[in-house]
Amino acid sequence: MGIINVLELALKTGAKVLHASTSEIYGDPLVHPQKEEYWGNVNPIGIRSCYDEGKRAAETLCADYWREYDLDIRIVRIFNTYGPNMHPNDGRVISNFIVQALQHKPLTIYGDGMQTRSFQYVDDLIEGMIKYMELNNDILIYELKNKFNWNSIPTLNMGNPDEFTIIELARKILDLIPESNSEIIYETLPQDDPKHRKPDITKAKEILGWSPKIKLNEGLIKTVKYFKNILK
């Protein structure tokens, strides 16, 4: 209902819409890295499906309003993003690991830790989203159609294509918090947990001139500093 309300309001006011979608729409991908053309591999009745399918349905509604009413709508598929101002109980892997390490609790890895993710610092994402919204709609559609033969609603991946295993991430965080006496423990991998996640950002590079600048170590240093301050 939320996305319908947004789309109806945009229809009345002539506003343009940025729909913050997610890499989760690709599910446990069978294609690597993931391009915008990939339809995904989602279990519609799995334990993760409420979020996955909710975002996929929201993209469908955006596409319907784009086709039916010619609304200026852009979809951004956001890959794992982190940085200062995350909530300590956010639930994402970077905040979990940092908080666990600072509190000298075990860092919990689900599965063998060899699953991969690509981590994007929040400043890079915001820069990309602003560039996306500032680009003229006619130019955007022209570029997508003529450079990439993309004839549907404007949709771009935004993420950092640098790929790391979860065990690599845990060790990096422990290295950045040398005072921690945390150990790494392993739990059962949840159902449908993606084995690999990496964005193909060719379209965003070519059309927006955008690519992430903040490397993982640099972003983690800033994020660890933030969590140290709020957990004092």
# chains A, B, ... in the order shown; residues from 1 in each chain; ligands from 1
$ residues_around --residues "region 163-169 of chain A" --least-positions-apart "6" --cutoff "12 Å" --atoms "only C-alpha atoms" --output "ChimeraX atom specification"
/A:32-33,79-80,92-98,107-120,175-176,183-186,194-200,215-217,220
$ write_last_selection --atoms "C-alpha atoms" --output "PDB file, in the first residue's frame"
ATOM      1  CA  HIS A  32      27.001 -13.752 -11.118  1.00  0.00           C
ATOM      2  CA  PRO A  33      27.504 -10.816 -11.003  1.00  0.00           C
ATOM      3  CA  PHE A  79      23.305  -3.704  -2.579  1.00  0.00           C
ATOM      4  CA  ASN A  80      24.562  -4.166   1.000  1.00  0.00           C
ATOM      5  CA  ARG A  92      22.898  -6.444   9.062  1.00  0.00           C
ATOM      6  CA  VAL A  93      26.178  -8.293   9.117  1.00  0.00           C
ATOM      7  CA  ILE A  94      28.559  -5.328   9.462  1.00  0.00           C
ATOM      8  CA  SER A  95      26.725  -3.742  12.391  1.00  0.00           C
ATOM      9  CA  ASN A  96      26.291  -7.187  13.990  1.00  0.00           C
ATOM     10  CA  PHE A  97      29.992  -7.978  13.787  1.00  0.00           C
ATOM     11  CA  ILE A  98      31.169  -4.570  15.005  1.00  0.00           C
ATOM     12  CA  LEU A 107      31.082 -13.028  16.036  1.00  0.00           C
ATOM     13  CA  THR A 108      28.358 -15.260  14.643  1.00  0.00           C
ATOM     14  CA  ILE A 109      28.819 -16.566  11.107  1.00  0.00           C
ATOM     15  CA  TYR A 110      26.008 -18.524   9.516  1.00  0.00           C
ATOM     16  CA  GLY A 111      27.207 -21.374   7.339  1.00  0.00           C
ATOM     17  CA  ASP A 112      30.904 -21.836   6.565  1.00  0.00           C
ATOM     18  CA  GLY A 113      31.558 -18.136   5.968  1.00  0.00           C
ATOM     19  CA  MET A 114      32.501 -18.630   2.325  1.00  0.00           C
ATOM     20  CA  GLN A 115      29.347 -16.951   1.020  1.00  0.00           C
ATOM     21  CA  THR A 116      30.203 -13.583  -0.513  1.00  0.00           C
ATOM     22  CA  ARG A 117      28.793 -10.078  -0.315  1.00  0.00           C
ATOM     23  CA  SER A 118      29.680  -6.675  -1.770  1.00  0.00           C
ATOM     24  CA  PHE A 119      29.634  -3.846   0.761  1.00  0.00           C
ATOM     25  CA  GLN A 120      28.842  -0.251  -0.221  1.00  0.00           C
ATOM     26  CA  ASP A 175      41.770  -6.514  13.054  1.00  0.00           C
ATOM     27  CA  LEU A 176      40.260  -3.027  13.383  1.00  0.00           C
ATOM     28  CA  GLU A 183      36.039 -15.356  18.821  1.00  0.00           C
ATOM     29  CA  ILE A 184      34.297 -16.466  15.647  1.00  0.00           C
ATOM     30  CA  ILE A 185      31.563 -19.067  15.993  1.00  0.00           C
ATOM     31  CA  TYR A 186      29.500 -20.815  13.336  1.00  0.00           C
ATOM     32  CA  PRO A 194      22.260 -16.130  -0.997  1.00  0.00           C
ATOM     33  CA  LYS A 195      25.587 -17.797  -1.721  1.00  0.00           C
ATOM     34  CA  HIS A 196      26.950 -14.875  -3.710  1.00  0.00           C
ATOM     35  CA  ARG A 197      25.957 -11.264  -4.139  1.00  0.00           C
ATOM     36  CA  LYS A 198      27.792  -8.851  -6.435  1.00  0.00           C
ATOM     37  CA  PRO A 199      26.384  -6.020  -8.565  1.00  0.00           C
ATOM     38  CA  ASP A 200      27.126  -5.361 -12.186  1.00  0.00           C
ATOM     39  CA  LYS A 215      37.069   1.000  -0.081  1.00  0.00           C
ATOM     40  CA  LEU A 216      35.891  -1.457   2.562  1.00  0.00           C
ATOM     41  CA  ASN A 217      38.734  -0.831   5.032  1.00  0.00           C
ATOM     42  CA  LEU A 220      34.877   0.105   8.242  1.00  0.00           C
TER      43      LEU A 220
END
$ select_by_dssp --residues "region 36-193 of chain A" --states "alpha helix (DSSP H)" --output "count of residues only"
67
$ residues_around --residues "region 147-162 of chain A" --least-positions-apart "3" --cutoff "9 Å" --atoms "only C-alpha atoms" --output "ChimeraX atom specification"
/A:22-23,33-37,62-63,66-67,73-81,117-121,124-125,128-129,132,137,140-144,198-204,206-207,211-216
$ write_last_selection --atoms "C-alpha atoms" --output "short mmCIF file (atom, residue, chain, number, x, y, z; two decimals), in the first residue's frame"
data_model
loop_
_atom_site.label_atom_id
_atom_site.label_comp_id
_atom_site.auth_asym_id
_atom_site.auth_seq_id
_atom_site.Cartn_x
_atom_site.Cartn_y
_atom_site.Cartn_z
CA THR A 22 17.16 -3.97 -3.22
CA SER A 23 19.53 -6.64 -4.40
CA PRO A 33 27.50 -10.82 -11.00
CA GLN A 34 23.90 -9.69 -11.16
CA LYS A 35 22.80 -7.46 -14.04
CA GLU A 36 19.56 -5.51 -14.12
CA GLU A 37 18.25 -7.83 -16.87
CA CYS A 62 6.29 1.24 -10.42
CA ALA A 63 6.62 -0.28 -13.88
CA TRP A 66 5.50 4.21 -15.66
CA ARG A 67 3.87 2.47 -18.62
CA ILE A 73 10.06 6.84 -11.96
CA ARG A 74 13.54 5.47 -11.33
CA ILE A 75 14.30 2.19 -9.57
CA VAL A 76 17.59 1.77 -7.73
CA ARG A 77 18.52 -1.75 -6.64
CA ILE A 78 20.64 -1.17 -3.55
CA PHE A 79 23.31 -3.70 -2.58
CA ASN A 80 24.56 -4.17 1.00
CA THR A 81 25.09 -0.66 2.39
CA ARG A 117 28.79 -10.08 -0.32
CA SER A 118 29.68 -6.67 -1.77
CA PHE A 119 29.63 -3.85 0.76
CA GLN A 120 28.84 -0.25 -0.22
CA TYR A 121 29.61 2.76 1.99
CA ASP A 124 28.75 6.41 -2.27
CA LEU A 125 25.13 5.30 -2.45
CA GLY A 128 24.76 7.81 -6.91
CA MET A 129 21.11 8.36 -6.02
CA TYR A 132 20.33 9.43 -10.80
CA ASN A 137 14.37 11.66 -17.83
CA LEU A 140 18.15 8.68 -19.10
CA ILE A 141 15.71 6.67 -21.21
CA TYR A 142 17.64 7.46 -24.41
CA GLU A 143 20.91 6.29 -22.86
CA LEU A 144 19.41 3.08 -21.52
CA LYS A 198 27.79 -8.85 -6.44
CA PRO A 199 26.38 -6.02 -8.56
CA ASP A 200 27.13 -5.36 -12.19
CA ILE A 201 27.20 -1.54 -12.17
CA THR A 202 28.03 -1.03 -15.86
CA LYS A 203 24.86 0.98 -16.50
CA ALA A 204 25.41 3.33 -13.57
CA GLU A 206 28.18 4.58 -18.24
CA ILE A 207 25.06 6.68 -17.75
CA SER A 211 31.15 4.27 -9.19
CA PRO A 212 31.93 3.75 -5.50
CA LYS A 213 35.03 5.49 -4.12
CA ILE A 214 35.20 4.26 -0.53
CA LYS A 215 37.07 1.00 -0.08
CA LEU A 216 35.89 -1.46 2.56
#
$ closest_residue --among "A:Ile45, A:Met86, A:Val224, A:Ile4" --to "His19 (chain A)" --atoms "only C-alpha atoms"
A:Ile4
